[in-house]
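Text of the file data31.cif, holding mmCIF, C-alpha atoms:
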```
data_model
#
loop_
_atom_site.label_atom_id
_atom_site.label_comp_id
_atom_site.auth_asym_id
_atom_site.auth_seq_id
_atom_site.Cartn_x
_atom_site.Cartn_y
_atom_site.Cartn_z
CA MET A 1 12.48 33.46 -48.85
CA LYS A 2 9.65 31.16 -49.87
CA ILE A 3 10.42 28.87 -46.95
CA ILE A 4 10.43 31.83 -44.54
CA ARG A 5 7.04 33.05 -45.83
CA GLN A 6 5.57 29.54 -45.43
CA ALA A 7 6.93 29.31 -41.90
CA LYS A 8 5.42 32.69 -40.97
CA GLN A 9 2.08 31.69 -42.46
CA THR A 10 2.08 28.39 -40.54
CA LEU A 11 3.00 30.18 -37.30
CA SER A 12 0.23 32.73 -37.76
CA GLU A 13 -2.30 29.94 -38.34
CA LEU A 14 -1.15 28.12 -35.19
CA VAL A 15 -1.47 31.29 -33.10
CA ARG A 16 -4.96 31.96 -34.50
CA ASP A 17 -6.10 28.38 -33.79
CA LYS A 18 -4.52 28.44 -30.35
CA ARG A 19 -6.71 31.37 -29.26
CA THR A 20 -9.87 29.40 -30.00
CA LEU A 21 -8.89 26.41 -27.87
CA LYS A 22 -9.91 26.09 -24.23
CA TRP A 23 -7.33 25.53 -21.52
CA SER A 24 -7.59 22.76 -18.89
CA PRO A 25 -5.11 21.79 -16.13
CA LEU A 26 -5.30 18.15 -17.25
CA ARG A 27 -4.09 18.98 -20.76
CA THR A 28 -0.56 18.62 -22.02
CA SER A 29 -0.60 22.31 -22.91
CA GLN A 30 -3.27 24.75 -24.03
CA TRP A 31 -4.06 22.42 -26.89
CA ASN A 32 -7.28 20.46 -26.75
CA THR A 33 -5.59 17.10 -26.04
CA HIS A 34 -5.50 15.10 -22.79
CA HIS A 35 -2.19 14.14 -21.26
CA PRO A 36 -1.28 10.54 -22.24
CA PHE A 37 -0.51 9.69 -18.62
CA TRP A 38 -4.04 10.45 -17.41
CA VAL A 39 -5.57 8.75 -20.42
CA ILE A 40 -3.75 5.54 -19.50
CA VAL A 41 -4.70 5.95 -15.83
CA HIS A 42 -8.40 6.33 -16.69
CA LYS A 43 -8.23 3.32 -19.00
CA GLU A 44 -6.53 1.15 -16.36
CA ILE A 45 -8.98 2.15 -13.63
CA SER A 46 -11.85 1.29 -15.94
CA ASP A 47 -10.30 -2.11 -16.66
CA HIS A 48 -9.78 -2.83 -12.96
CA VAL A 49 -13.30 -1.81 -11.99
CA ARG A 50 -14.87 -3.96 -14.70
CA SER A 51 -12.71 -7.02 -14.04
CA TRP A 52 -13.99 -10.03 -12.13
CA ARG A 53 -10.61 -10.30 -10.42
CA LEU A 54 -11.06 -7.08 -8.46
CA THR A 55 -14.71 -7.90 -7.78
CA ILE A 56 -13.81 -11.24 -6.19
CA LEU A 57 -10.90 -9.85 -4.17
CA ALA A 58 -12.93 -6.88 -2.97
CA ALA A 59 -15.84 -9.17 -2.02
CA ILE A 60 -13.51 -11.39 0.03
CA ILE A 61 -12.00 -8.40 1.84
CA ILE A 62 -15.41 -6.83 2.50
CA ILE A 63 -16.85 -10.07 3.89
CA ALA A 64 -13.79 -10.61 6.09
CA CYS A 65 -13.89 -7.04 7.37
CA ALA A 66 -17.62 -7.35 8.06
CA GLY A 67 -16.88 -10.36 10.26
CA SER A 68 -14.16 -8.44 12.12
CA LEU A 69 -16.58 -5.53 12.56
CA ILE A 70 -19.11 -7.83 14.20
CA ALA A 71 -16.39 -9.11 16.54
CA GLY A 72 -15.39 -5.52 17.28
CA LEU A 73 -18.95 -4.54 18.17
CA MET A 74 -19.24 -7.51 20.48
CA ASN A 75 -15.96 -6.63 22.15
CA PHE A 76 -17.01 -3.00 22.46
CA ARG A 77 -19.75 -3.84 24.93
CA GLU A 78 -17.27 -5.65 27.15
CA ALA A 79 -14.83 -2.73 26.86
CA VAL A 80 -17.49 -0.26 27.97
CA LYS A 81 -18.43 -2.43 30.97
CA SER A 82 -14.83 -2.84 32.10
CA ALA A 83 -13.76 0.77 31.44
CA ASP A 84 -12.54 2.73 34.45
CA SER A 85 -12.13 6.13 32.80
CA ASP A 86 -13.87 8.26 30.26
CA ASP A 87 -10.81 8.83 28.07
CA ALA A 88 -10.55 5.27 26.77
CA PHE A 89 -10.24 4.92 23.02
CA PHE A 90 -13.38 2.84 22.56
CA PHE A 91 -13.76 3.48 18.84
CA LEU A 92 -10.35 1.99 18.00
CA ASN A 93 -11.52 -1.36 19.36
CA LEU A 94 -13.53 -1.83 16.17
CA PHE A 95 -10.25 -2.27 14.27
CA THR A 96 -8.24 -4.23 16.85
CA ALA A 97 -10.80 -6.41 18.64
CA SER A 98 -11.16 -10.09 17.87
CA GLY A 99 -13.55 -12.69 19.14
CA SER A 100 -15.74 -15.68 18.33
CA GLY A 101 -12.89 -17.21 16.32
CA LEU A 102 -12.60 -14.17 14.03
CA PRO A 103 -9.36 -12.17 13.76
CA SER A 104 -9.33 -8.41 13.98
CA PHE A 105 -9.65 -5.97 11.09
CA VAL A 106 -5.87 -5.38 11.15
CA VAL A 107 -5.12 -9.09 10.86
CA PHE A 108 -7.46 -9.48 7.90
CA VAL A 109 -5.82 -6.57 6.08
CA SER A 110 -2.35 -7.92 6.86
CA PHE A 111 -3.28 -11.31 5.37
CA LEU A 112 -5.50 -10.29 2.43
CA GLY A 113 -3.71 -7.07 1.49
CA PRO A 114 -0.81 -8.86 -0.27
CA LEU A 115 -3.27 -10.92 -2.30
CA LEU A 116 -4.98 -7.71 -3.43
CA GLY A 117 -1.69 -6.16 -4.50
CA ILE A 118 -0.53 -9.32 -6.29
CA GLY A 119 -3.89 -9.72 -8.02
CA LEU A 120 -3.77 -6.20 -9.45
CA GLY A 121 -0.18 -6.25 -10.68
CA PHE A 122 1.04 -9.72 -11.62
CA ASP A 123 -0.01 -9.33 -15.30
CA ALA A 124 0.19 -5.56 -15.66
CA ILE A 125 2.95 -5.64 -18.29
CA ASN A 126 3.30 -9.18 -19.66
CA SER A 127 -0.39 -9.44 -20.53
CA GLU A 128 -0.06 -6.40 -22.79
CA GLN A 129 3.07 -7.87 -24.31
CA ASN A 130 1.45 -11.26 -24.97
CA ARG A 131 -1.55 -9.62 -26.64
CA GLY A 132 0.76 -7.56 -28.83
CA THR A 133 -0.66 -4.24 -27.66
CA LEU A 134 2.48 -3.12 -25.80
CA GLY A 135 4.54 -2.81 -28.97
CA ARG A 136 1.84 -0.82 -30.75
CA ILE A 137 1.42 1.50 -27.78
CA MET A 138 5.16 2.10 -27.47
CA ALA A 139 5.21 2.95 -31.19
CA GLN A 140 2.95 5.92 -30.40
CA PRO A 141 4.32 9.22 -29.06
CA ILE A 142 4.05 7.99 -25.44
CA TYR A 143 6.97 7.91 -23.05
CA ARG A 144 7.81 4.61 -21.40
CA ASP A 145 7.78 6.09 -17.93
CA HIS A 146 4.24 7.41 -18.51
CA TRP A 147 3.11 3.84 -19.19
CA ILE A 148 4.67 2.17 -16.13
CA ASN A 149 3.78 5.09 -13.85
CA ALA A 150 0.17 5.04 -15.05
CA LYS A 151 -0.07 1.30 -14.40
CA PHE A 152 1.06 1.77 -10.80
CA THR A 153 -0.97 4.94 -10.22
CA ALA A 154 -4.21 3.39 -11.46
CA ALA A 155 -3.87 0.30 -9.28
CA LEU A 156 -2.85 2.41 -6.28
CA LEU A 157 -5.90 4.67 -6.73
CA VAL A 158 -8.17 1.62 -6.84
CA VAL A 159 -6.60 0.26 -3.63
CA SER A 160 -6.83 3.67 -1.94
CA ILE A 161 -10.51 4.07 -2.80
CA LEU A 162 -11.24 0.55 -1.53
CA PHE A 163 -9.46 1.02 1.79
CA PHE A 164 -10.85 4.46 2.47
CA ALA A 165 -14.34 3.16 1.64
CA LEU A 166 -13.86 0.25 4.06
CA GLY A 167 -12.51 2.56 6.76
CA PHE A 168 -15.39 5.01 6.48
CA LEU A 169 -17.84 2.09 6.31
CA VAL A 170 -16.53 0.77 9.62
CA LEU A 171 -16.67 4.28 11.06
CA GLY A 172 -20.24 4.78 9.88
CA LEU A 173 -21.55 1.43 11.09
CA GLY A 174 -19.73 1.82 14.38
CA LEU A 175 -21.20 5.27 14.84
CA ILE A 176 -24.71 3.92 14.18
CA LYS A 177 -24.37 0.93 16.49
CA ILE A 178 -22.36 2.57 19.26
CA GLY A 179 -23.88 6.03 19.22
CA ILE A 180 -20.57 7.65 20.23
CA ALA A 181 -18.68 9.80 17.75
CA PRO A 182 -14.92 9.24 17.49
CA THR A 183 -12.65 11.92 18.86
CA VAL A 184 -10.32 13.92 16.64
CA GLU A 185 -7.33 11.83 17.75
CA GLU A 186 -9.18 8.58 17.07
CA PHE A 187 -10.13 9.79 13.61
CA LEU A 188 -6.53 10.79 12.83
CA ARG A 189 -5.23 7.43 14.06
CA ILE A 190 -7.70 5.60 11.82
CA MET A 191 -6.69 7.73 8.81
CA LEU A 192 -3.01 6.99 9.48
CA PHE A 193 -3.86 3.31 9.75
CA ILE A 194 -5.54 3.42 6.32
CA LEU A 195 -2.53 5.22 4.80
CA VAL A 196 -0.12 2.66 6.24
CA SER A 197 -2.33 -0.13 4.87
CA ILE A 198 -2.20 1.46 1.40
CA PHE A 199 1.61 1.58 1.52
CA TYR A 200 1.66 -2.05 2.66
CA VAL A 201 -0.46 -3.16 -0.30
CA ALA A 202 1.59 -0.88 -2.60
CA PHE A 203 4.72 -2.87 -1.67
CA TRP A 204 3.18 -6.09 -2.96
CA LEU A 205 1.74 -4.27 -5.95
CA ASN A 206 5.17 -2.99 -6.97
CA LEU A 207 6.72 -6.40 -6.39
CA SER A 208 4.12 -8.05 -8.63
CA ILE A 209 4.65 -5.38 -11.33
CA PHE A 210 8.39 -6.08 -11.16
CA PHE A 211 7.81 -9.79 -11.74
CA SER A 212 5.38 -8.90 -14.53
CA VAL A 213 8.19 -7.00 -16.24
CA ARG A 214 10.79 -9.72 -15.70
CA PHE A 215 8.71 -12.72 -16.82
CA ARG A 216 6.92 -13.11 -20.12
CA GLN A 217 4.12 -15.38 -18.86
CA ALA A 218 1.54 -14.12 -16.40
CA ALA A 219 1.35 -17.51 -14.65
CA THR A 220 5.10 -17.40 -13.93
CA SER A 221 4.93 -13.92 -12.44
CA ALA A 222 1.89 -14.85 -10.33
CA LEU A 223 3.58 -17.99 -8.98
CA SER A 224 6.74 -16.01 -8.22
CA CYS A 225 4.77 -13.42 -6.24
CA ILE A 226 2.88 -16.09 -4.32
CA ALA A 227 6.14 -17.93 -3.61
CA VAL A 228 7.69 -14.78 -2.14
CA TRP A 229 4.54 -14.13 -0.10
CA LEU A 230 4.49 -17.69 1.28
CA PHE A 231 8.19 -17.57 2.13
CA LEU A 232 7.90 -14.27 3.99
CA THR A 233 4.65 -15.28 5.70
CA VAL A 234 5.37 -18.89 6.69
CA PHE A 235 8.90 -20.12 6.12
CA TYR A 236 10.83 -17.05 7.22
CA GLY A 237 9.25 -17.26 10.67
CA ILE A 238 10.31 -20.91 10.92
CA ILE A 239 13.89 -19.98 9.97
CA VAL A 240 13.94 -17.20 12.60
CA ASN A 241 12.69 -19.63 15.24
CA MET A 242 15.49 -22.05 14.38
CA ILE A 243 18.07 -19.26 14.61
CA ALA A 244 16.54 -18.12 17.90
CA LYS A 245 16.89 -21.61 19.39
CA VAL A 246 20.51 -21.89 18.30
CA ALA A 247 21.44 -18.41 19.56
CA ALA A 248 19.47 -18.68 22.82
CA PRO A 249 21.52 -17.57 25.86
CA SER A 250 22.25 -19.90 28.72
CA GLU A 251 20.32 -19.97 31.97
CA MET A 252 23.16 -18.08 33.68
CA ALA A 253 23.00 -15.18 31.23
CA THR A 254 22.74 -11.64 32.56
CA PRO A 255 19.62 -9.50 31.97
CA GLN A 256 21.58 -7.38 29.46
CA GLU A 257 22.46 -10.48 27.42
CA ILE A 258 18.83 -11.62 27.44
CA ILE A 259 17.67 -8.19 26.27
CA ARG A 260 20.26 -8.17 23.46
CA TYR A 261 19.10 -11.64 22.41
CA GLN A 262 15.46 -10.55 22.33
CA GLU A 263 16.33 -7.43 20.33
CA PHE A 264 18.30 -9.59 17.88
CA VAL A 265 15.28 -11.85 17.29
CA ILE A 266 12.93 -8.88 16.96
CA ASN A 267 15.22 -7.20 14.42
CA LEU A 268 15.29 -10.40 12.36
CA LEU A 269 11.49 -10.42 12.29
CA ARG A 270 11.33 -6.74 11.36
CA ILE A 271 12.83 -7.55 7.97
CA LEU A 272 9.34 -8.77 7.07
CA PRO A 273 6.98 -6.15 5.62
CA SER A 274 4.13 -7.82 7.50
CA GLN A 275 5.96 -7.35 10.80
CA LEU A 276 6.63 -3.69 10.05
CA TYR A 277 2.97 -3.25 9.16
CA SER A 278 1.81 -5.08 12.28
CA ASP A 279 4.04 -3.01 14.59
CA ALA A 280 2.98 0.28 12.99
CA THR A 281 -0.75 -0.36 12.91
CA THR A 282 -0.91 -1.95 16.36
CA THR A 283 0.86 1.03 17.89
CA LEU A 284 -1.30 3.55 16.04
CA LEU A 285 -4.55 1.81 16.98
CA THR A 286 -3.52 0.94 20.56
CA PRO A 287 -2.38 4.13 22.33
CA SER A 288 -1.53 2.17 25.49
CA ILE A 289 1.51 0.60 23.79
CA ARG A 290 4.52 2.56 25.02
CA SER A 291 7.40 0.49 23.62
CA LEU A 292 8.07 -2.14 20.95
CA SER A 293 11.35 -3.31 22.45
CA PRO A 294 11.99 -5.36 25.61
CA LEU A 295 12.24 -3.25 28.75
CA THR A 296 13.98 -3.88 32.04
CA SER A 297 12.25 -3.64 35.39
CA GLU A 298 14.15 -0.40 36.09
CA GLN A 299 12.69 1.16 32.95
CA ILE A 300 9.16 0.06 33.83
CA TYR A 301 9.37 1.17 37.46
CA GLY A 302 7.76 4.54 38.06
CA THR A 303 6.07 4.87 34.66
CA ILE A 304 2.51 6.18 34.53
CA PRO A 305 0.13 3.74 32.76
CA SER A 306 -1.48 6.29 30.44
CA PRO A 307 -2.05 6.26 26.68
CA LEU A 308 0.45 8.00 24.45
CA PRO A 309 -0.58 11.01 22.37
CA LEU A 310 -0.66 10.64 18.61
CA GLY A 311 2.67 12.37 18.04
CA GLN A 312 4.47 10.06 20.45
CA SER A 313 2.90 6.97 18.88
CA VAL A 314 4.08 8.11 15.45
CA MET A 315 7.59 8.70 16.78
CA LEU A 316 7.56 5.25 18.34
CA VAL A 317 6.90 3.54 14.98
CA TRP A 318 8.77 6.05 12.81
CA GLY A 319 11.39 3.42 11.96
CA GLN A 320 8.73 0.90 10.90
CA LEU A 321 6.96 3.48 8.75
CA THR A 322 10.21 4.53 7.11
CA GLY A 323 11.18 0.91 6.44
CA LEU A 324 7.80 0.07 4.90
CA ILE A 325 7.81 3.15 2.66
CA SER A 326 11.43 2.50 1.66
CA ALA A 327 10.66 -1.10 0.70
CA THR A 328 7.74 0.14 -1.42
CA VAL A 329 9.91 2.72 -3.18
CA ILE A 330 12.69 0.19 -3.80
CA CYS A 331 10.28 -2.29 -5.40
CA PHE A 332 8.86 0.44 -7.61
CA ALA A 333 12.37 1.54 -8.63
CA MET A 334 13.23 -2.06 -9.57
CA ALA A 335 10.09 -2.36 -11.72
CA TYR A 336 10.69 1.06 -13.27
CA LEU A 337 14.31 0.41 -14.22
CA SER A 338 13.53 -3.08 -15.54
CA PHE A 339 10.77 -1.74 -17.76
CA MET A 340 12.86 1.17 -19.05
CA LYS A 341 15.62 -1.27 -20.10
CA LYS A 342 13.26 -3.92 -21.44
CA GLU A 343 13.39 -4.73 -25.12
CA ILE A 344 9.92 -4.49 -26.66
CA ARG A 345 9.23 -6.04 -30.02
CA SER A 346 6.00 -6.00 -31.96
CA ARG A 347 4.51 -9.39 -32.72
#
```
Written as structure tokens, that's how I'd like the structure from this file.
Amino acid sequence: MKIIRQAKQTLSELVRDKRTLKWSPLRTSQWNTHHPFWVIVHKEISDHVRSWRLTILAAIIIIACAGSLIAGLMNFREAVKSADSDDAFFFLNLFTASGSGLPSFVVFVSFLGPLLGIGLGFDAINSEQNRGTLGRIMAQPIYRDHWINAKFTAALLVVSILFFALGFLVLGLGLIKIGIAPTVEEFLRIMLFILVSIFYVAFWLNLSIFFSVRFRQAATSALSCIAVWLFLTVFYGIIVNMIAKVAAPSEMATPQEIIRYQEFVINLLRILPSQLYSDATTTLLTPSIRSLSPLTSEQIYGTIPSPLPLGQSVMLVWGQLTGLISATVICFAMAYLSFMKKEIRSR
């Protein structure tokens, strides 16, 4: 009976205290405590923003994109002079135009995006473990999945803010220099391009987090990520070229055999995340592209050379978008499962 009276007294005190606490959607419950997940996210974002690593990477990307913007503005004048109709997508040239030895905005993002993702994630886990803070944090009432999910979410939010800021910066400067506002379809295509770029960087971010979980030293995980990036960027293309030369059809091959050969080579290249990203963004930012596969003369004959609407462009690259998102999810699942099974010991 004494235990029951104590329990009732404790319950009545909790109910009385609970009425005096304010409720917030970011709380774990109606108690005046923040959710551990969002606490870790805020802490990680603060660390990223204050780090010299992100400052240097962001400065490189901003300088490169500024150069591509200058090339796009120079190309815009030529596009206006050579335009034959009023429905040309002039504003999209700011992202796809290249000139004066400078690549386009899309090429810069395709090359520098992996470095941004690797730089934000290669020491996400092993640095905490080497400092001895991971064991102390895991000893607190914090779930493991909250920790790994917060690491990824914080880095992804930083990347998203950076890319949306760059996209709106290009839109604003282009609007000032050109004096022509983008149409609704152009704006939607640019937003889709930014979202695809975020997923592309998220793939490399998840891959670097996976290596950070698997390897104890940050230098080892960084070198592993860079090795994978170099192989997929440089050496895989060389291997595909060698396979293409060996499997090349003879001069007496039929048009169907030549088309099958070209589709085989293209499918080998589409294993690369960079190729998926390039196909998706080029199609979204260039409405005149009507196909990504080789076409016969019978298929080309009679077609009207007009730009595709946004819905048709999305359907054209739906496979590339699905493949890129799937690769990102698979890398995150690998990092998640590895961290959940990882043995953590305090130093």
Quick check, in Å to one decimal: how far apart do atom CA of A:Leu73 and atom CA of A:Thr96 lie? 10.8 Å
Which residue is closest to A:Leu156? Choose from A:Ser197, A:Ser313, A:Thr282, A:Asn130 and count all atoms listed in the file.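 Between A:Ser197, A:Ser313, A:Thr282, A:Asn130, the residue approaching A:Leu156 most closely is A:Ser197.
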Which polymer residues, protein or nucleic acid, are no farther than 10 Å from (8.8, -5.8, 13.5), counting only C-alpha atoms, as a PyMOL selection string? chain A and resi 265-280+292-293+317+319-320
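When the PyMOL selection byres ((chain A and resi 290) around 8) is run on the displayed coordinates, the residues it returns are Pro287, Ser288, Ile289, Ser291, Leu292, Pro307, Leu308, Ser313 and Leu316 of chain A.
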Evaluate the PyMOL selection byres ((chain A and resi 243) around 12) here and jot the selected residues down as a PyMOL selection string. chain A and resi 236-242+244-249+261-262+264-266+268-269
What does the distance from atom CA of A:Val201 to atom CA of A:Ala155 come to in Å, to one decimal?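 We find that atom CA of A:Val201 and atom CA of A:Ala155 lie 10.2 Å from each other.
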Report the residues retrieved by the PyMOL selection byres ((chain A and resi 148) around 12) from the displayed file, expressed as JSON, numbers by chain. {"A": [36, 37, 40, 41, 44, 121, 124, 125, 126, 128, 134, 138, 142, 143, 144, 145, 146, 147, 149, 150, 151, 152, 153, 154, 155, 206, 209, 210, 212, 213, 332, 333, 334, 335, 336, 337, 338, 339, 340, 342]}
Write out the residues from the selection above, keeping C-alpha atoms, as a short mmCIF file (atom, residue, chain, number, x, y, z; two decimals), in the coordinates of the input.
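Below is the file that was written, result21.cif:
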```
data_model
loop_
_atom_site.label_atom_id
_atom_site.label_comp_id
_atom_site.auth_asym_id
_atom_site.auth_seq_id
_atom_site.Cartn_x
_atom_site.Cartn_y
_atom_site.Cartn_z
CA PRO A 36 -1.28 10.54 -22.24
CA PHE A 37 -0.51 9.69 -18.62
CA ILE A 40 -3.75 5.54 -19.50
CA VAL A 41 -4.70 5.95 -15.83
CA GLU A 44 -6.53 1.15 -16.36
CA GLY A 121 -0.18 -6.25 -10.68
CA ALA A 124 0.19 -5.56 -15.66
CA ILE A 125 2.95 -5.64 -18.29
CA ASN A 126 3.30 -9.18 -19.66
CA GLU A 128 -0.06 -6.40 -22.79
CA LEU A 134 2.48 -3.12 -25.80
CA MET A 138 5.16 2.10 -27.47
CA ILE A 142 4.05 7.99 -25.44
CA TYR A 143 6.97 7.91 -23.05
CA ARG A 144 7.81 4.61 -21.40
CA ASP A 145 7.78 6.09 -17.93
CA HIS A 146 4.24 7.41 -18.51
CA TRP A 147 3.11 3.84 -19.19
CA ASN A 149 3.78 5.09 -13.85
CA ALA A 150 0.17 5.04 -15.05
CA LYS A 151 -0.07 1.30 -14.40
CA PHE A 152 1.06 1.77 -10.80
CA THR A 153 -0.97 4.94 -10.22
CA ALA A 154 -4.21 3.39 -11.46
CA ALA A 155 -3.87 0.30 -9.28
CA ASN A 206 5.17 -2.99 -6.97
CA ILE A 209 4.65 -5.38 -11.33
CA PHE A 210 8.39 -6.08 -11.16
CA SER A 212 5.38 -8.90 -14.53
CA VAL A 213 8.19 -7.00 -16.24
CA PHE A 332 8.86 0.44 -7.61
CA ALA A 333 12.37 1.54 -8.63
CA MET A 334 13.23 -2.06 -9.57
CA ALA A 335 10.09 -2.36 -11.72
CA TYR A 336 10.69 1.06 -13.27
CA LEU A 337 14.31 0.41 -14.22
CA SER A 338 13.53 -3.08 -15.54
CA PHE A 339 10.77 -1.74 -17.76
CA MET A 340 12.86 1.17 -19.05
CA LYS A 342 13.26 -3.92 -21.44
#
```
Could you work out how far atom CA of A:Thr328 lies from atom CA of A:Phe122, giving the answer in Å with one decimal?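 Answer for the atom CA of A:Phe122 to atom CA of A:Thr328 separation: 15.7 Å.
Among A:Ala66, A:Leu92, A:Ile61, A:Leu223, the residue with the shortest atom-to-atom distance to A:Ala181, counting only C-alpha atoms, is A:Leu92.
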Once you count all atoms listed in the file, which residues end up no further than 7 Å from (-15.0, -10.1, 11.8) in the file's frame, shown as a list in words?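 It turns out the residues near that spot are Ala64, Cys65, Ala66, Gly67, Ser68, Leu69, Ile70, Ala71, Leu102, Pro103, Ser104 and Phe105 of chain A.
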Find, counting only C-alpha atoms, the residue in A:Met191, A:Val196, A:Val106, A:Leu205 that gets nearest to A:Trp318.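 When distances to A:Trp318 are compared using only C-alpha atoms, the smallest one comes from A:Val196.
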Of A:Ile118, A:Thr286, A:Leu207, A:Leu173, the one nearest to A:Ser306 when counting all atoms listed in the file is A:Thr286
